[in-house]
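Heads up: the structure comes next, in structure tokens.
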Amino acid sequence: MRRNDLIRCFFLILDMLQPALFLAFIFFGCTTDNMPAPVQKQRADSNKIETQNHQKSKPLGSSLFDHPGFTSRFSGKSSHDSSLPTTKKEKMIVGGRVTINEYSFERAKTEDGKECMTFLRSGKIVRTDCSDIGFFSILSYPSPGTDINCDGIPDVIVSYFSGGAHCCSDYAVFSLGKELRLIGVLRGEHSEFDFKDLDQDGKYEAIGRDWTFAYWGTSFAGSPAPEVILRWKNGRYRLADDLMRRKYDRDEVLKMADDFENGILPVSENDKSLHIAPKIWAAMLELIYKGNGNLVWEFVDKVWPTPDDDSLKKQWLSDKKKFLREFKAQLRKSEYWSDLKIMNGWREQN
């Protein structure tokens, strides 16, 4: 009897362990390293096609929210991929030191607790940056010493994170020529920048987000942050409009405006002034940052409610003018504003 109980207990335990064993098999047995070569090639081809399709027009679906290019806030993921860089350099990593040819970089803390990044050339200190909060790091991709802008000189990217809940991240690009030169600074703010050669021209684009509208009229969680792709051009990073553009069909954009019918409503029964939901300006930013700025104002006209009451018509028209005025003023604060104007064919009055 006792033996039968033990047998039943054994099979009961085995039955309970089956889900865990199944997950372990999936986790350890289905990584890309164990994939057959044809499957790995198929995945690589898929990534390549995704990059090539970045410039092509794609259907909107029922609304902008169905489009893979649209995000109402930072998702923590990037849809871009590229092959690993091939570089020729002498690189050595020893402890907290990274050495590239005659240059070395050391991250350390001072006695008073400051975080420091020290740059040395031939053993002599040429630059030191310190901060009371946060920490520095050297990006491992592109690997230190990669010539990211194709000027024939190796580069290194140093990142700094302030250590807050979600802000702030900065990126400094240094050129390692005869002299150490700081050639670019990118403000990641609430998210990170990725550096990838999207168009396979040897230069690394920087993929990040524009947080100009963070906390504008809403909480951080509801703040839209459109994706930006930056290209090294004329000695600095500029918007790569050809990689960012995605043509939207006008009729489809105006038709899908019905999806936003609850996005602009009176505040309450007693207060008839309009409340505009963040998804309205999130959709507007999606159109602008994909080069469809000419459709934005038509989209707003279409989604804005028109009351039967004549007195409300005047008030709601005033609300629309106020909203657009404030939206444009905020958009002009973007560090990419000059490039956005060119990308959308706008003159200054926009």
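Letters A, B, ... mark the chains of the structure tokens in the order given; residue numbers begin at 1 per chain; ligand numbers begin at 1, in order shown.
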
Contacts of Val253 (chain A) at 8 Å (only C-alpha atoms; same-chain gap of 2+ positions) as a list of chain:residue names
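Near neighbours after the sequence-gap exclusion: A:Leu60, A:Ser63, A:Tyr248, A:Asp249, A:Arg250, A:Asp251, A:Lys255, A:Met256, A:Ala257, A:Leu295, A:Phe299.
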
From a DSSP calculation on the backbone, collect every residue of region 94-337 of chain A in strand (DSSP E) and output the set as a VMD selection string.
chain A and resid 94 97 to 100 103 to 109 115 to 121 124 to 131 135 to 138 155 to 161 169 to 176 180 to 189 194 to 196 205 to 209 227 to 233 236 to 239 264 to 266 274 to 276

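Candidate residues A:Asn292, A:Thr218, A:Ser311, A:Ser140 were compared for distance to Ser159 (chain A), and the nearest is A:Ser140, using only C-alpha atoms.
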
Taking the DSSP assignment computed from this structure's backbone, write out as a list of chain:residue names all residues of region 277-314 of chain A that belong to helix (DSSP H, G or I).
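Taking region 277-314 of chain A and keeping helix (DSSP H, G or I) only, one gets A:Pro278, A:Lys279, A:Ile280, A:Trp281, A:Ala282, A:Ala283, A:Met284, A:Leu285, A:Glu286, A:Leu287, A:Ile288, A:Gly293, A:Asn294, A:Leu295, A:Val296, A:Trp297, A:Glu298, A:Phe299, A:Val300, A:Asp301, A:Lys302, A:Val303, A:Asp310, A:Ser311, A:Leu312, A:Lys313, A:Lys314.
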
How would the residues just picked look written out with N, CA and C atoms as a PDB file, in the first residue's frame?
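Output file part-v8.pdb is given in full below:
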ATOM      1  N   PRO A 278      -4.832  63.105 -25.087  1.00  0.00           N
ATOM      2  CA  PRO A 278      -3.463  63.036 -25.632  1.00  0.00           C
ATOM      3  C   PRO A 278      -3.366  62.284 -26.949  1.00  0.00           C
ATOM      4  N   LYS A 279      -4.305  61.350 -27.207  1.00  0.00           N
ATOM      5  CA  LYS A 279      -4.210  60.590 -28.455  1.00  0.00           C
ATOM      6  C   LYS A 279      -4.405  61.479 -29.677  1.00  0.00           C
ATOM      7  N   ILE A 280      -5.018  62.649 -29.488  1.00  0.00           N
ATOM      8  CA  ILE A 280      -5.203  63.555 -30.615  1.00  0.00           C
ATOM      9  C   ILE A 280      -3.864  64.122 -31.074  1.00  0.00           C
ATOM     10  N   TRP A 281      -3.098  64.695 -30.129  1.00  0.00           N
ATOM     11  CA  TRP A 281      -1.810  65.250 -30.566  1.00  0.00           C
ATOM     12  C   TRP A 281      -0.754  64.166 -30.781  1.00  0.00           C
ATOM     13  N   ALA A 282      -0.993  62.974 -30.220  1.00  0.00           N
ATOM     14  CA  ALA A 282      -0.101  61.857 -30.541  1.00  0.00           C
ATOM     15  C   ALA A 282      -0.225  61.492 -32.017  1.00  0.00           C
ATOM     16  N   ALA A 283      -1.456  61.449 -32.517  1.00  0.00           N
ATOM     17  CA  ALA A 283      -1.685  61.159 -33.935  1.00  0.00           C
ATOM     18  C   ALA A 283      -1.140  62.289 -34.815  1.00  0.00           C
ATOM     19  N   MET A 284      -1.291  63.529 -34.361  1.00  0.00           N
ATOM     20  CA  MET A 284      -0.764  64.666 -35.114  1.00  0.00           C
ATOM     21  C   MET A 284       0.762  64.579 -35.240  1.00  0.00           C
ATOM     22  N   LEU A 285       1.428  64.215 -34.147  1.00  0.00           N
ATOM     23  CA  LEU A 285       2.890  64.088 -34.175  1.00  0.00           C
ATOM     24  C   LEU A 285       3.328  62.935 -35.063  1.00  0.00           C
ATOM     25  N   GLU A 286       2.548  61.857 -35.054  1.00  0.00           N
ATOM     26  CA  GLU A 286       2.866  60.728 -35.938  1.00  0.00           C
ATOM     27  C   GLU A 286       2.876  61.179 -37.398  1.00  0.00           C
ATOM     28  N   LEU A 287       1.885  61.954 -37.780  1.00  0.00           N
ATOM     29  CA  LEU A 287       1.822  62.456 -39.158  1.00  0.00           C
ATOM     30  C   LEU A 287       2.994  63.379 -39.462  1.00  0.00           C
ATOM     31  N   ILE A 288       3.311  64.274 -38.542  1.00  0.00           N
ATOM     32  CA  ILE A 288       4.378  65.256 -38.761  1.00  0.00           C
ATOM     33  C   ILE A 288       5.738  64.589 -38.860  1.00  0.00           C
ATOM     34  N   GLY A 293       2.933  66.452 -42.724  1.00  0.00           N
ATOM     35  CA  GLY A 293       2.443  67.624 -42.023  1.00  0.00           C
ATOM     36  C   GLY A 293       1.310  68.331 -42.727  1.00  0.00           C
ATOM     37  N   ASN A 294       1.224  68.184 -44.043  1.00  0.00           N
ATOM     38  CA  ASN A 294       0.137  68.838 -44.787  1.00  0.00           C
ATOM     39  C   ASN A 294      -1.231  68.265 -44.432  1.00  0.00           C
ATOM     40  N   LEU A 295      -1.269  67.060 -43.853  1.00  0.00           N
ATOM     41  CA  LEU A 295      -2.537  66.428 -43.490  1.00  0.00           C
ATOM     42  C   LEU A 295      -2.964  66.736 -42.059  1.00  0.00           C
ATOM     43  N   VAL A 296      -2.057  67.282 -41.249  1.00  0.00           N
ATOM     44  CA  VAL A 296      -2.338  67.452 -39.825  1.00  0.00           C
ATOM     45  C   VAL A 296      -3.524  68.371 -39.588  1.00  0.00           C
ATOM     46  N   TRP A 297      -3.518  69.514 -40.250  1.00  0.00           N
ATOM     47  CA  TRP A 297      -4.568  70.496 -39.994  1.00  0.00           C
ATOM     48  C   TRP A 297      -5.928  70.018 -40.512  1.00  0.00           C
ATOM     49  N   GLU A 298      -5.922  69.263 -41.621  1.00  0.00           N
ATOM     50  CA  GLU A 298      -7.167  68.661 -42.106  1.00  0.00           C
ATOM     51  C   GLU A 298      -7.679  67.617 -41.123  1.00  0.00           C
ATOM     52  N   PHE A 299      -6.753  66.865 -40.551  1.00  0.00           N
ATOM     53  CA  PHE A 299      -7.116  65.857 -39.561  1.00  0.00           C
ATOM     54  C   PHE A 299      -7.787  66.513 -38.351  1.00  0.00           C
ATOM     55  N   VAL A 300      -7.216  67.625 -37.875  1.00  0.00           N
ATOM     56  CA  VAL A 300      -7.789  68.322 -36.726  1.00  0.00           C
ATOM     57  C   VAL A 300      -9.177  68.860 -37.063  1.00  0.00           C
ATOM     58  N   ASP A 301      -9.322  69.443 -38.248  1.00  0.00           N
ATOM     59  CA  ASP A 301     -10.637  69.952 -38.662  1.00  0.00           C
ATOM     60  C   ASP A 301     -11.681  68.843 -38.670  1.00  0.00           C
ATOM     61  N   LYS A 302     -11.239  67.643 -39.081  1.00  0.00           N
ATOM     62  CA  LYS A 302     -12.172  66.515 -39.210  1.00  0.00           C
ATOM     63  C   LYS A 302     -12.588  65.964 -37.849  1.00  0.00           C
ATOM     64  N   VAL A 303     -11.646  65.904 -36.907  1.00  0.00           N
ATOM     65  CA  VAL A 303     -11.959  65.296 -35.611  1.00  0.00           C
ATOM     66  C   VAL A 303     -12.600  66.292 -34.649  1.00  0.00           C
ATOM     67  N   ASP A 310     -25.357  77.531 -31.624  1.00  0.00           N
ATOM     68  CA  ASP A 310     -24.532  78.586 -32.213  1.00  0.00           C
ATOM     69  C   ASP A 310     -23.547  79.176 -31.210  1.00  0.00           C
ATOM     70  N   SER A 311     -23.968  79.305 -29.948  1.00  0.00           N
ATOM     71  CA  SER A 311     -23.070  79.871 -28.945  1.00  0.00           C
ATOM     72  C   SER A 311     -21.893  78.940 -28.673  1.00  0.00           C
ATOM     73  N   LEU A 312     -22.170  77.624 -28.708  1.00  0.00           N
ATOM     74  CA  LEU A 312     -21.084  76.649 -28.509  1.00  0.00           C
ATOM     75  C   LEU A 312     -20.141  76.619 -29.699  1.00  0.00           C
ATOM     76  N   LYS A 313     -20.676  76.849 -30.899  1.00  0.00           N
ATOM     77  CA  LYS A 313     -19.825  76.857 -32.089  1.00  0.00           C
ATOM     78  C   LYS A 313     -18.687  77.860 -31.930  1.00  0.00           C
ATOM     79  N   LYS A 314     -19.026  79.045 -31.461  1.00  0.00           N
ATOM     80  CA  LYS A 314     -18.019  80.086 -31.282  1.00  0.00           C
ATOM     81  C   LYS A 314     -17.001  79.693 -30.213  1.00  0.00           C
TER      82      LYS A 314
END

Contacts of Arg97 (chain A) within 7 Å, only C-alpha atoms, excl. fewer than 4 positions in-chain, as a ChimeraX atom specification:
/A:93,104-107
